[in-house]
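Peer 1: My structure file final_11.pdb, PDB, C-alpha atoms and all ligand atoms, is below:
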ATOM      1  CA  MET A   1    -116.260 -26.541 -63.882
ATOM      2  CA  ARG A   2    -113.376 -24.968 -65.684
ATOM      3  CA  PRO A   3    -111.549 -27.341 -68.072
ATOM      4  CA  THR A   4    -107.782 -27.756 -67.374
ATOM      5  CA  THR A   5    -105.348 -27.795 -70.201
ATOM      6  CA  ASP A   6    -101.568 -28.282 -70.650
ATOM      7  CA  THR A   7    -101.370 -25.965 -73.506
ATOM      8  CA  VAL A   8     -98.849 -23.117 -73.084
ATOM      9  CA  PRO A   9    -100.090 -19.713 -74.057
ATOM     10  CA  PRO A  10     -98.309 -18.233 -77.022
ATOM     11  CA  ARG A  11     -95.338 -16.009 -76.012
ATOM     12  CA  ALA A  12     -94.968 -12.468 -77.084
ATOM     13  CA  ALA A  13     -92.057 -12.053 -79.429
ATOM     14  CA  VAL A  14     -88.901 -10.729 -77.644
ATOM     15  CA  PRO A  15     -86.941  -8.291 -79.722
ATOM     16  CA  GLY A  16     -83.504  -9.575 -80.660
ATOM     17  CA  THR A  17     -84.226 -13.227 -79.878
ATOM     18  CA  GLY A  18     -84.990 -14.206 -83.376
ATOM     19  CA  PRO A  19     -82.453 -15.631 -85.789
ATOM     20  CA  ARG A  20     -79.655 -13.153 -86.525
ATOM     21  CA  ALA A  21     -78.441 -12.153 -89.883
ATOM     22  CA  PRO A  22     -74.673 -12.823 -90.384
ATOM     23  CA  PRO A  23     -72.671  -9.629 -89.471
ATOM     24  CA  ALA A  24     -71.283  -7.524 -92.203
ATOM     25  CA  PRO A  25     -67.479  -7.743 -92.596
ATOM     26  CA  ASP A  26     -66.988  -4.155 -91.355
ATOM     27  CA  ASP A  27     -69.288  -4.671 -88.347
ATOM     28  CA  PRO A  28     -67.266  -4.396 -85.003
ATOM     29  CA  ALA A  29     -69.267  -7.344 -83.699
ATOM     30  CA  SER A  30     -67.557  -9.523 -86.256
ATOM     31  CA  LEU A  31     -64.055  -8.716 -84.872
ATOM     32  CA  LYS A  32     -62.281 -11.273 -82.669
ATOM     33  CA  VAL A  33     -61.257  -9.658 -79.368
ATOM     34  CA  VAL A  34     -57.752 -10.653 -78.218
ATOM     35  CA  PRO A  35     -56.353  -9.286 -74.888
ATOM     36  CA  ALA A  36     -53.397  -6.920 -75.395
ATOM     37  CA  ARG A  37     -50.085  -8.544 -74.595
ATOM     38  CA  HIS A  38     -47.856  -6.390 -72.371
ATOM     39  CA  TYR A  39     -44.553  -8.183 -72.759
ATOM     40  CA  ALA A  40     -42.614  -5.468 -70.879
ATOM     41  CA  ARG A  41     -44.940  -5.861 -67.899
ATOM     42  CA  TRP A  42     -44.406  -9.597 -67.868
ATOM     43  CA  VAL A  43     -40.653  -9.164 -67.878
ATOM     44  CA  ALA A  44     -40.851  -6.543 -65.108
ATOM     45  CA  ALA A  45     -43.133  -8.808 -63.032
ATOM     46  CA  VAL A  46     -40.716 -11.715 -63.380
ATOM     47  CA  ALA A  47     -37.802  -9.451 -62.408
ATOM     48  CA  VAL A  48     -39.687  -8.219 -59.315
ATOM     49  CA  ILE A  49     -40.591 -11.789 -58.322
ATOM     50  CA  VAL A  50     -36.948 -12.873 -58.696
ATOM     51  CA  LEU A  51     -35.722  -9.884 -56.661
ATOM     52  CA  VAL A  52     -38.307 -10.412 -53.902
ATOM     53  CA  GLY A  53     -37.434 -14.093 -53.874
ATOM     54  CA  GLN A  54     -33.733 -13.309 -53.529
ATOM     55  CA  PHE A  55     -34.495 -10.831 -50.743
ATOM     56  CA  VAL A  56     -36.629 -13.329 -48.820
ATOM     57  CA  HIS A  57     -34.001 -16.022 -49.405
ATOM     58  CA  GLY A  58     -31.317 -13.687 -48.070
ATOM     59  CA  LEU A  59     -33.459 -12.785 -45.064
ATOM     60  CA  THR A  60     -33.961 -16.405 -44.138
ATOM     61  CA  THR A  61     -30.529 -17.834 -44.913
ATOM     62  CA  ASN A  62     -27.975 -15.035 -44.429
ATOM     63  CA  PRO A  63     -26.549 -15.329 -40.881
ATOM     64  CA  VAL A  64     -25.725 -11.599 -40.657
ATOM     65  CA  TRP A  65     -29.378 -10.899 -39.860
ATOM     66  CA  GLU A  66     -28.895 -12.725 -36.559
ATOM     67  CA  TRP A  67     -32.534 -13.640 -36.152
ATOM     68  CA  GLY A  68     -31.708 -15.489 -32.958
ATOM     69  CA  VAL A  69     -30.642 -12.244 -31.308
ATOM     70  CA  PHE A  70     -33.731 -10.537 -32.658
ATOM     71  CA  ARG A  71     -35.944 -13.304 -31.260
ATOM     72  CA  ASP A  72     -34.187 -13.183 -27.876
ATOM     73  CA  TYR A  73     -34.778  -9.444 -27.594
ATOM     74  CA  VAL A  74     -38.345  -9.452 -28.843
ATOM     75  CA  LEU A  75     -39.312 -12.328 -26.591
ATOM     76  CA  SER A  76     -37.430 -11.015 -23.571
ATOM     77  CA  GLU A  77     -39.539 -10.751 -20.439
ATOM     78  CA  THR A  78     -39.445  -6.944 -20.410
ATOM     79  CA  ILE A  79     -40.731  -6.599 -23.964
ATOM     80  CA  VAL A  80     -43.399  -9.261 -23.564
ATOM     81  CA  GLN A  81     -44.561  -7.627 -20.351
ATOM     82  CA  ALA A  82     -44.612  -4.200 -22.020
ATOM     83  CA  VAL A  83     -46.699  -5.553 -24.898
ATOM     84  CA  TRP A  84     -49.095  -7.162 -22.431
ATOM     85  CA  VAL A  85     -49.455  -3.938 -20.447
ATOM     86  CA  THR A  86     -49.954  -1.972 -23.685
ATOM     87  CA  LEU A  87     -52.707  -4.360 -24.761
ATOM     88  CA  GLN A  88     -54.368  -4.097 -21.370
ATOM     89  CA  LEU A  89     -54.197  -0.304 -21.431
ATOM     90  CA  THR A  90     -55.545  -0.223 -24.980
ATOM     91  CA  ALA A  91     -58.453  -2.441 -23.996
ATOM     92  CA  TYR A  92     -59.084  -0.348 -20.898
ATOM     93  CA  ALA A  93     -58.926   2.913 -22.878
ATOM     94  CA  THR A  94     -61.286   1.488 -25.500
ATOM     95  CA  VAL A  95     -63.824   0.488 -22.874
ATOM     96  CA  ARG A  96     -63.477   3.832 -21.089
ATOM     97  CA  SER A  97     -63.915   5.828 -24.268
ATOM     98  CA  THR A  98     -66.933   3.885 -25.517
ATOM     99  CA  PRO A  99     -69.989   6.131 -25.146
ATOM    100  CA  GLY A 100     -72.107   5.080 -22.217
ATOM    101  CA  THR A 101     -69.293   3.332 -20.348
ATOM    102  CA  ARG A 102     -67.764   6.449 -18.856
ATOM    103  CA  PRO A 103     -68.745   6.999 -15.244
ATOM    104  CA  ARG A 104     -70.619  10.201 -14.700
ATOM    105  CA  THR A 105     -68.484  12.720 -12.893
ATOM    106  CA  SER A 106     -68.783  16.300 -11.904
ATOM    107  CA  PRO A 107     -66.873  18.794 -14.114
ATOM    108  CA  PRO A 108     -63.105  18.180 -13.762
ATOM    109  CA  HIS A 109     -62.190  21.704 -12.746
ATOM    110  CA  PRO A 110     -64.977  23.151 -10.622
ATOM    111  CA  PRO A 111     -64.199  26.807 -10.058
ATOM    112  CA  ALA A 112     -63.616  27.603  -6.425
ATOM    113  CA  PRO A 113     -66.414  29.687  -4.955
ATOM    114  CA  GLU A 114     -65.386  33.296  -4.660
ATOM    115  CA  GLY A 115     -63.680  34.206  -1.417
ATOM    116  CA  SER A 116     -63.132  30.592  -0.402
ATOM    117  CA  ALA A 117     -60.753  27.663  -0.943
ATOM    118  CA  MET A 118     -57.537  29.606  -0.733
ATOM    119  CA  ALA A 119     -54.659  27.449  -1.773
ATOM    120  CA  THR A 120     -51.515  26.263  -0.071
ATOM    121  CA  VAL A 121     -48.530  27.185  -2.214
ATOM    122  CA  LEU A 122     -45.026  25.800  -1.781
ATOM    123  CA  SER A 123     -42.479  28.298  -3.090
ATOM    124  CA  VAL A 124     -39.234  26.454  -3.838
ATOM    125  CA  SER A 125     -35.931  28.124  -4.627
ATOM    126  CA  GLY A 126     -33.378  25.829  -6.223
ATOM    127  CA  SER A 127     -30.394  28.155  -5.966
ATOM    128  CA  PRO A 128     -27.391  27.050  -3.944
ATOM    129  CA  SER A 129     -26.256  30.659  -3.539
ATOM    130  CA  ALA A 130     -26.380  32.251  -0.086
ATOM    131  CA  THR A 131     -27.115  35.610  -1.733
ATOM    132  CA  SER A 132     -29.455  34.149  -4.310
ATOM    133  CA  ARG A 133     -31.404  36.507  -6.510
ATOM    134  CA  THR A 134     -33.713  33.657  -7.444
ATOM    135  CA  ALA A 135     -34.646  33.095  -3.807
ATOM    136  CA  ARG A 136     -35.166  36.829  -3.306
ATOM    137  CA  LEU A 137     -37.353  36.973  -6.390
ATOM    138  CA  LEU A 138     -39.469  34.112  -5.105
ATOM    139  CA  ARG A 139     -39.907  35.663  -1.681
ATOM    140  CA  HIS A 140     -40.875  38.900  -3.414
ATOM    141  CA  LEU A 141     -43.518  37.093  -5.490
ATOM    142  CA  ASP A 142     -44.731  35.177  -2.429
ATOM    143  CA  THR A 143     -46.072  38.449  -1.051
ATOM    144  CA  ARG A 144     -48.300  38.859  -4.107
ATOM    145  CA  LEU A 145     -49.804  35.396  -3.570
ATOM    146  CA  THR A 146     -50.184  35.993   0.160
ATOM    147  CA  ALA A 147     -51.970  39.267  -0.581
ATOM    148  CA  GLN A 148     -54.465  37.264  -2.618
ATOM    149  CA  GLY A 149     -55.196  35.145   0.432
ATOM    150  CA  HIS A 150     -53.108  32.080  -0.353
ATOM    151  CA  GLN A 151     -50.969  30.395   2.251
ATOM    152  CA  VAL A 152     -47.374  30.425   1.005
ATOM    153  CA  ILE A 153     -44.700  28.135   2.425
ATOM    154  CA  PRO A 154     -41.139  29.062   1.379
ATOM    155  CA  LEU A 155     -38.599  26.312   0.843
ATOM    156  CA  ASP A 156     -34.963  27.014   0.008
ATOM    157  CA  VAL A 157     -33.450  23.747  -1.130
ATOM    158  CA  ARG A 158     -30.030  24.961  -0.008
ATOM    159  CA  THR A 159     -31.206  24.688   3.614
ATOM    160  CA  ILE A 160     -31.672  20.921   3.280
ATOM    161  CA  PRO A 161     -28.548  19.122   4.505
ATOM    162  CA  ALA A 162     -26.236  18.224   1.630
ATOM    163  CA  GLU A 163     -25.666  14.686   2.930
ATOM    164  CA  ALA A 164     -29.405  14.021   2.681
ATOM    165  CA  LEU A 165     -29.630  15.367  -0.863
ATOM    166  CA  LEU A 166     -26.409  13.896  -2.201
ATOM    167  CA  GLY A 167     -26.708  10.628  -0.304
ATOM    168  CA  ALA A 168     -30.276  10.098  -1.562
ATOM    169  CA  ASP A 169     -31.359   9.671   2.046
ATOM    170  CA  PHE A 170     -35.116   9.319   1.609
ATOM    171  CA  ARG A 171     -35.585   8.850   5.369
ATOM    172  CA  HIS A 172     -33.720  11.957   6.419
ATOM    173  CA  PRO A 173     -36.136  14.157   8.406
ATOM    174  CA  ALA A 174     -35.473  17.117   6.092
ATOM    175  CA  ILE A 175     -36.326  15.042   3.023
ATOM    176  CA  VAL A 176     -39.406  13.585   4.724
ATOM    177  CA  GLU A 177     -40.495  17.102   5.651
ATOM    178  CA  ALA A 178     -39.901  18.439   2.130
ATOM    179  CA  THR A 179     -41.854  15.507   0.688
ATOM    180  CA  GLU A 180     -44.753  16.276   3.023
ATOM    181  CA  LEU A 181     -44.679  19.942   2.065
ATOM    182  CA  PHE A 182     -44.968  18.983  -1.597
ATOM    183  CA  ALA A 183     -47.769  16.536  -0.801
ATOM    184  CA  ARG A 184     -49.731  19.175   1.125
ATOM    185  CA  ALA A 185     -49.386  21.897  -1.467
ATOM    186  CA  ASP A 186     -52.089  22.714  -3.997
ATOM    187  CA  GLY A 187     -49.639  24.725  -6.031
ATOM    188  CA  VAL A 188     -45.872  24.859  -6.336
ATOM    189  CA  VAL A 189     -43.710  27.754  -7.504
ATOM    190  CA  ILE A 190     -40.365  26.389  -8.621
ATOM    191  CA  GLY A 191     -37.584  28.891  -9.168
ATOM    192  CA  THR A 192     -34.109  28.067 -10.354
ATOM    193  CA  PRO A 193     -31.042  29.874 -11.592
ATOM    194  CA  VAL A 194     -29.949  28.732 -15.036
ATOM    195  CA  TYR A 195     -26.689  26.842 -14.647
ATOM    196  CA  LYS A 196     -24.990  25.441 -17.729
ATOM    197  CA  ALA A 197     -28.077  26.015 -19.828
ATOM    198  CA  ALA A 198     -30.361  24.043 -17.501
ATOM    199  CA  TYR A 199     -31.880  24.196 -14.026
ATOM    200  CA  SER A 200     -29.634  23.853 -11.009
ATOM    201  CA  GLY A 201     -28.244  20.527  -9.872
ATOM    202  CA  LEU A 202     -29.407  21.380  -6.356
ATOM    203  CA  LEU A 203     -33.003  21.522  -7.498
ATOM    204  CA  LYS A 204     -32.595  18.239  -9.367
ATOM    205  CA  SER A 205     -31.147  16.555  -6.301
ATOM    206  CA  LEU A 206     -34.347  17.360  -4.406
ATOM    207  CA  LEU A 207     -36.722  16.475  -7.250
ATOM    208  CA  ASP A 208     -34.945  13.128  -7.528
ATOM    209  CA  LEU A 209     -35.875  12.307  -3.940
ATOM    210  CA  LEU A 210     -39.554  13.140  -4.281
ATOM    211  CA  PRO A 211     -42.070  10.467  -5.278
ATOM    212  CA  GLN A 212     -42.182   9.805  -9.016
ATOM    213  CA  TYR A 213     -45.639  11.372  -9.138
ATOM    214  CA  GLY A 214     -45.056  13.939  -6.418
ATOM    215  CA  LEU A 215     -46.704  16.714  -8.439
ATOM    216  CA  VAL A 216     -49.921  14.914  -9.329
ATOM    217  CA  GLY A 217     -52.911  17.224  -8.982
ATOM    218  CA  LYS A 218     -50.719  20.286  -8.434
ATOM    219  CA  THR A 219     -50.562  23.519 -10.341
ATOM    220  CA  VAL A 220     -46.970  24.537 -10.998
ATOM    221  CA  LEU A 221     -45.378  27.873 -11.877
ATOM    222  CA  PRO A 222     -41.831  27.434 -13.229
ATOM    223  CA  LEU A 223     -39.498  30.433 -12.941
ATOM    224  CA  ALA A 224     -35.849  30.920 -13.827
ATOM    225  CA  THR A 225     -33.211  33.609 -13.544
ATOM    226  CA  GLY A 226     -30.191  33.681 -15.808
ATOM    227  CA  GLY A 227     -27.375  35.757 -17.149
ATOM    228  CA  SER A 228     -28.080  35.332 -20.840
ATOM    229  CA  THR A 229     -31.139  35.453 -23.046
ATOM    230  CA  ALA A 230     -29.506  32.595 -24.949
ATOM    231  CA  HIS A 231     -31.012  30.329 -22.294
ATOM    232  CA  VAL A 232     -34.408  31.919 -22.030
ATOM    233  CA  LEU A 233     -35.984  28.609 -23.076
ATOM    234  CA  ALA A 234     -34.304  26.580 -20.319
ATOM    235  CA  ILE A 235     -37.623  26.408 -18.475
ATOM    236  CA  ASP A 236     -39.325  24.802 -21.445
ATOM    237  CA  TYR A 237     -36.657  22.410 -22.653
ATOM    238  CA  ALA A 238     -35.141  21.447 -19.305
ATOM    239  CA  LEU A 239     -37.439  22.063 -16.328
ATOM    240  CA  ARG A 240     -40.920  21.604 -17.772
ATOM    241  CA  PRO A 241     -40.379  17.979 -18.947
ATOM    242  CA  VAL A 242     -39.261  16.968 -15.449
ATOM    243  CA  LEU A 243     -42.292  18.610 -13.863
ATOM    244  CA  SER A 244     -44.539  16.872 -16.398
ATOM    245  CA  SER A 245     -42.966  13.515 -15.679
ATOM    246  CA  MET A 246     -43.800  14.041 -12.014
ATOM    247  CA  GLY A 247     -47.459  14.311 -12.930
ATOM    248  CA  ALA A 248     -48.036  18.050 -12.538
ATOM    249  CA  ALA A 249     -51.690  18.678 -13.331
ATOM    250  CA  HIS A 250     -51.152  22.089 -14.842
ATOM    251  CA  ILE A 251     -47.841  23.794 -15.534
ATOM    252  CA  VAL A 252     -48.717  27.398 -16.210
ATOM    253  CA  GLN A 253     -46.760  29.852 -18.328
ATOM    254  CA  GLY A 254     -43.330  30.324 -16.732
ATOM    255  CA  TRP A 255     -40.973  33.275 -16.844
ATOM    256  CA  PHE A 256     -37.229  33.749 -17.299
ATOM    257  CA  THR A 257     -35.777  36.879 -15.699
ATOM    258  CA  LEU A 258     -32.344  38.247 -16.534
ATOM    259  CA  ASP A 259     -30.197  38.653 -13.442
ATOM    260  CA  LYS A 260     -29.360  42.219 -14.480
ATOM    261  CA  ASP A 261     -33.046  43.060 -14.055
ATOM    262  CA  LEU A 262     -32.923  42.038 -10.390
ATOM    263  CA  ALA A 263     -31.239  44.652  -8.226
ATOM    264  CA  VAL A 264     -30.497  43.824  -4.614
ATOM    265  CA  GLY A 265     -30.194  46.831  -2.298
ATOM    266  CA  ALA A 266     -27.726  47.148   0.567
ATOM    267  CA  ASP A 267     -30.490  46.101   2.957
ATOM    268  CA  GLY A 268     -31.154  43.003   0.875
ATOM    269  CA  THR A 269     -34.390  44.242  -0.673
ATOM    270  CA  LEU A 270     -35.037  43.310  -4.248
ATOM    271  CA  THR A 271     -36.082  45.659  -7.007
ATOM    272  CA  VAL A 272     -37.287  44.174 -10.260
ATOM    273  CA  ALA A 273     -36.966  46.217 -13.466
ATOM    274  CA  PRO A 274     -40.369  47.518 -14.625
ATOM    275  CA  GLY A 275     -40.797  45.301 -17.737
ATOM    276  CA  PRO A 276     -39.982  41.984 -16.032
ATOM    277  CA  ALA A 277     -41.902  43.090 -12.924
ATOM    278  CA  GLU A 278     -45.041  43.466 -14.984
ATOM    279  CA  ALA A 279     -44.518  40.131 -16.759
ATOM    280  CA  LEU A 280     -43.864  38.374 -13.446
ATOM    281  CA  ALA A 281     -46.991  39.866 -11.874
ATOM    282  CA  GLN A 282     -48.931  38.558 -14.837
ATOM    283  CA  VAL A 283     -47.617  34.985 -14.635
ATOM    284  CA  VAL A 284     -48.169  34.940 -10.867
ATOM    285  CA  ASP A 285     -51.759  36.085 -11.349
ATOM    286  CA  GLN A 286     -52.297  33.431 -14.022
ATOM    287  CA  PHE A 287     -50.910  30.859 -11.596
ATOM    288  CA  ALA A 288     -53.273  32.102  -8.870
ATOM    289  CA  GLU A 289     -56.155  31.920 -11.308
ATOM    290  CA  ALA A 290     -55.231  28.345 -12.252
ATOM    291  CA  LEU A 291     -55.081  27.474  -8.552
ATOM    292  CA  GLY A 292     -58.685  28.619  -8.246
ATOM    293  CA  SER A 293     -59.740  26.009 -10.776
ATOM    294  CA  ARG A 294     -57.457  23.222  -9.688
ATOM    295  CA  PRO A 295     -58.675  19.615  -9.812
ATOM    296  CA  ALA A 296     -59.285  17.693  -6.622
ATOM    297  CA  PRO A 297     -55.884  16.689  -5.198
ATOM    298  CA  GLN A 298     -54.924  13.046  -5.528
ATOM    299  CA  ALA A 299     -52.555  11.162  -3.296
ATOM    300  CA  ALA A 300     -49.006  10.992  -4.603
ATOM    301  CA  THR A 301     -47.925   7.417  -5.070
ATOM    302  CA  GLY A 302     -44.690   5.578  -5.498
ATOM    303  CA  ARG A 303     -41.145   6.301  -4.456
ATOM    304  CA  ALA A 304     -38.702   8.500  -6.160
ATOM    305  CA  ALA A 305     -37.325   7.154  -9.385
TER     306      ALA A 305
HETATM  307  C1  LIG B   1     -22.083  28.089 -12.257
HETATM  308  C2  LIG B   1     -22.968  29.045 -13.001
HETATM  309  C3  LIG B   1     -23.409  28.710 -14.259
HETATM  310  C4  LIG B   1     -24.230  29.580 -14.950
HETATM  311  N1  LIG B   1     -24.690  29.219 -16.201
HETATM  312  C5  LIG B   1     -25.547  30.022 -16.837
HETATM  313  C6  LIG B   1     -26.044  29.658 -18.099
HETATM  314  O1  LIG B   1     -25.712  28.626 -18.660
HETATM  315  N2  LIG B   1     -26.934  30.489 -18.707
HETATM  316  C7  LIG B   1     -27.328  31.648 -18.132
HETATM  317  O2  LIG B   1     -28.155  32.344 -18.727
HETATM  318  N3  LIG B   1     -26.850  32.041 -16.932
HETATM  319  C8  LIG B   1     -25.974  31.259 -16.286
HETATM  320  N4  LIG B   1     -25.483  31.634 -15.054
HETATM  321  C9  LIG B   1     -25.925  32.898 -14.468
HETATM  322  C10 LIG B   1     -27.004  32.648 -13.424
HETATM  323  O3  LIG B   1     -28.033  31.840 -13.919
HETATM  324  C11 LIG B   1     -27.650  33.936 -12.982
HETATM  325  O4  LIG B   1     -26.701  34.830 -12.515
HETATM  326  C12 LIG B   1     -28.721  33.680 -11.925
HETATM  327  O5  LIG B   1     -29.527  34.812 -11.778
HETATM  328  C13 LIG B   1     -28.089  33.345 -10.589
HETATM  329  O6  LIG B   1     -29.124  33.129  -9.692
HETATM  330  P1  LIG B   1     -28.857  32.986  -8.118
HETATM  331  O7  LIG B   1     -28.335  34.297  -7.643
HETATM  332  O8  LIG B   1     -30.181  32.650  -7.563
HETATM  333  O9  LIG B   1     -27.914  31.877  -7.943
HETATM  334  C14 LIG B   1     -24.626  30.819 -14.358
HETATM  335  C15 LIG B   1     -24.139  31.137 -13.095
HETATM  336  C16 LIG B   1     -23.324  30.273 -12.423
HETATM  337  C17 LIG B   1     -22.837  30.634 -11.047
END
Written as structure tokens, that's how I'd like the structure from this file.
Peer 2:
Amino acid sequence: MRPTTDTVPPRAAVPGTGPRAPPAPDDPASLKVVPARHYARWVAAVAVIVLVGQFVHGLTTNPVWEWGVFRDYVLSETIVQAVWVTLQLTAYATVRSTPGTRPRTSPPHPPAPEGSAMATVLSVSGSPSATSRTARLLRHLDTRLTAQGHQVIPLDVRTIPAEALLGADFRHPAIVEATELFARADGVVIGTPVYKAAYSGLLKSLLDLLPQYGLVGKTVLPLATGGSTAHVLAIDYALRPVLSSMGAAHIVQGWFTLDKDLAVGADGTLTVAPGPAEALAQVVDQFAEALGSRPAPQAATGRAA
């Protein structure tokens, strides 16, 4: 049997644990460390605290801030509802974008098999003029789309009764018919003369009567004719935002044509100057190409806004 003992084994000597010799007077270890005093910082900090305090005091006590009005606006039903909807949408978007939660779908733009799925195109002229060059240009371009096998339906907004357009008569048969034509179309060509640096009021009066999302799922080609290159961007700054707000799936590159490049013969036939003719053919072909890869159409919802 092994004898037990309470004796502690001798420790090995640890360097530096033994008694220290008093430091030499020039040894840094002998110096007393005192934190540096930044008097300027203290004064600045006090000044900032006083200023912030005054600001907060002013915010809370000065009546010119009119916090009551602020509270009334922020807590108004519209704002509260908007915040609630935003939170819901954020939560929904977060869930949808989390990997693994997205439903499996087929590719969004399946290319149409060659030689099939020709599109229905609504070709809308927004000119009020009886001798409209815009309308003639559209009918001229329609033939190019038809030659590619698409079904083109022409619509001159000027043929819709004015009382229906100006009276916002949603139930007027002409408005109902126009709405159905838009709903049926896979693609829409929208042509307008530039009036006062924007698209025509006639076109707007029709767009106003269509459902808010009347262009959802549709491919759109915006075209304009005008008298001045000063307004060559009217499509982009005026027309395109409206088409976007109506949910257009794809607004392809548009084209602005100068009216002087559109010559109307005595028999009413249109001749387009060579440069613009080439550019127009190109944008029409791009539109046709985009139609071939259009997403599945969705039902338009809602009334006009
Ligand atoms: C009332 C009116 C306003 C016009 N305003 C503009 C304009 O701001 N900018 C422009 O480039 N052309 C302007 N034009 C010229 C037309 O846009 C141009 O002649 C167009 O090709 C006419 O098309 P239409 O024959 O289809 O009506 C205006 C023409 C009219 C009649």
Peer 1: Just to confirm, what's the straight-line distance from atom CA of A:Leu223 to atom CA of A:Gly254 in Å (one decimal)?
Peer 2: 5.4 Å
Peer 1: For a quick check of understanding, using only C-alpha atoms and all ligand atoms, which of A:Ser125, A:Thr60, A:Ser30, A:Ser244 has the smallest distance to ligand LIG 1 (chain B)?
Peer 2: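 Answer, going by the shortest atom-to-atom distance: A:Ser125.
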Peer 1: Selection in question (the file shown): the PyMOL selection byres (((not hetatm)) within 9 of (chain B and resi 1)). Which residues does it include, as a PyMOL selection string?
Peer 2: chain A and resi 125-137+191-200+224-232+234+257-260+262
Peer 1: Kindly export the residues of the current selection with C-alpha atoms, as an mmCIF file, in the coordinates of the input.
Peer 2:
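The resulting file, again33.cif, is reproduced below:
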data_model
loop_
_atom_site.group_PDB
_atom_site.id
_atom_site.type_symbol
_atom_site.label_atom_id
_atom_site.label_comp_id
_atom_site.auth_asym_id
_atom_site.auth_seq_id
_atom_site.Cartn_x
_atom_site.Cartn_y
_atom_site.Cartn_z
ATOM 1 C CA SER A 125 -35.931 28.124 -4.627
ATOM 2 C CA GLY A 126 -33.378 25.829 -6.223
ATOM 3 C CA SER A 127 -30.394 28.155 -5.966
ATOM 4 C CA PRO A 128 -27.391 27.050 -3.944
ATOM 5 C CA SER A 129 -26.256 30.659 -3.539
ATOM 6 C CA ALA A 130 -26.380 32.251 -0.086
ATOM 7 C CA THR A 131 -27.115 35.610 -1.733
ATOM 8 C CA SER A 132 -29.455 34.149 -4.310
ATOM 9 C CA ARG A 133 -31.404 36.507 -6.510
ATOM 10 C CA THR A 134 -33.713 33.657 -7.444
ATOM 11 C CA ALA A 135 -34.646 33.095 -3.807
ATOM 12 C CA ARG A 136 -35.166 36.829 -3.306
ATOM 13 C CA LEU A 137 -37.353 36.973 -6.390
ATOM 14 C CA GLY A 191 -37.584 28.891 -9.168
ATOM 15 C CA THR A 192 -34.109 28.067 -10.354
ATOM 16 C CA PRO A 193 -31.042 29.874 -11.592
ATOM 17 C CA VAL A 194 -29.949 28.732 -15.036
ATOM 18 C CA TYR A 195 -26.689 26.842 -14.647
ATOM 19 C CA LYS A 196 -24.990 25.441 -17.729
ATOM 20 C CA ALA A 197 -28.077 26.015 -19.828
ATOM 21 C CA ALA A 198 -30.361 24.043 -17.501
ATOM 22 C CA TYR A 199 -31.880 24.196 -14.026
ATOM 23 C CA SER A 200 -29.634 23.853 -11.009
ATOM 24 C CA ALA A 224 -35.849 30.920 -13.827
ATOM 25 C CA THR A 225 -33.211 33.609 -13.544
ATOM 26 C CA GLY A 226 -30.191 33.681 -15.808
ATOM 27 C CA GLY A 227 -27.375 35.757 -17.149
ATOM 28 C CA SER A 228 -28.080 35.332 -20.840
ATOM 29 C CA THR A 229 -31.139 35.453 -23.046
ATOM 30 C CA ALA A 230 -29.506 32.595 -24.949
ATOM 31 C CA HIS A 231 -31.012 30.329 -22.294
ATOM 32 C CA VAL A 232 -34.408 31.919 -22.030
ATOM 33 C CA ALA A 234 -34.304 26.580 -20.319
ATOM 34 C CA THR A 257 -35.777 36.879 -15.699
ATOM 35 C CA LEU A 258 -32.344 38.247 -16.534
ATOM 36 C CA ASP A 259 -30.197 38.653 -13.442
ATOM 37 C CA LYS A 260 -29.360 42.219 -14.480
ATOM 38 C CA LEU A 262 -32.923 42.038 -10.390
#
Peer 1: Excluding same-chain residues fewer than 5 positions from A:Leu221, what lies within 10 Å of it counting all atoms listed in the file, as a list in words?
Peer 2: Ser123, Gly187, Val188, Val189, Ile190, Gly191, Arg240, Leu243, His250, Ile251, Val252, Gln253, Gly254, Trp255, Val283, Val284, Gln286, Phe287, Ala288 and Ala290 of chain A
Peer 1: Kindly give the distance, in Å, that separates atom CA of A:Val48 and atom CA of A:Val34, rounded to a single decimal.
Peer 2: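 Atom-to-atom, atom CA of A:Val48 and atom CA of A:Val34 are spaced 26.3 Å apart.
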Peer 1: Report, as JSON, the axis-aligned box around all atoms of stretch 137-142 of chain A present in the file, extended by 5 Å on each side; give centre and edge lengths in Å to one decimal place.
Peer 2:
{"center_x": -41.0, "center_y": 36.5, "center_z": -4.0, "size_x": 17.4, "size_y": 14.8, "size_z": 14.7}
Peer 1: Can you list, as number ranges by chain, the residues that the PyMOL selection byres (((chain A and resi 175-179) around 8) and not hetatm) selects here?
Peer 2: A: 160, 164-165, 169-174, 180-183, 209-211, 214
Peer 1: Run the PyMOL selection byres (((chain A and resi 215) around 7) and not hetatm) on the file and write out the hits as a PDB file with C-alpha atoms, in the frame of the given file.
Peer 2:
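Final output, selection06.pdb:
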ATOM      1  CA  TYR A 213     -45.639  11.372  -9.138  1.00  0.00           C
ATOM      2  CA  GLY A 214     -45.056  13.939  -6.418  1.00  0.00           C
ATOM      3  CA  VAL A 216     -49.921  14.914  -9.329  1.00  0.00           C
ATOM      4  CA  GLY A 217     -52.911  17.224  -8.982  1.00  0.00           C
ATOM      5  CA  LYS A 218     -50.719  20.286  -8.434  1.00  0.00           C
ATOM      6  CA  MET A 246     -43.800  14.041 -12.014  1.00  0.00           C
ATOM      7  CA  GLY A 247     -47.459  14.311 -12.930  1.00  0.00           C
ATOM      8  CA  ALA A 248     -48.036  18.050 -12.538  1.00  0.00           C
TER       9      ALA A 248
END
Peer 1: With only C-alpha atoms as the counted atoms, please give the residues lying no more than 10 Å from A:Leu166, apart from itself and same-chain residues fewer than 6 positions off, as a VMD selection string.
Peer 2: chain A and resid 202 205 to 206 209
Peer 1: May I ask for the distance between atom CA of A:Leu122 and atom CA of A:Ala147, given in Å to one decimal place?
Peer 2: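 So the answer is 15.2 Å.
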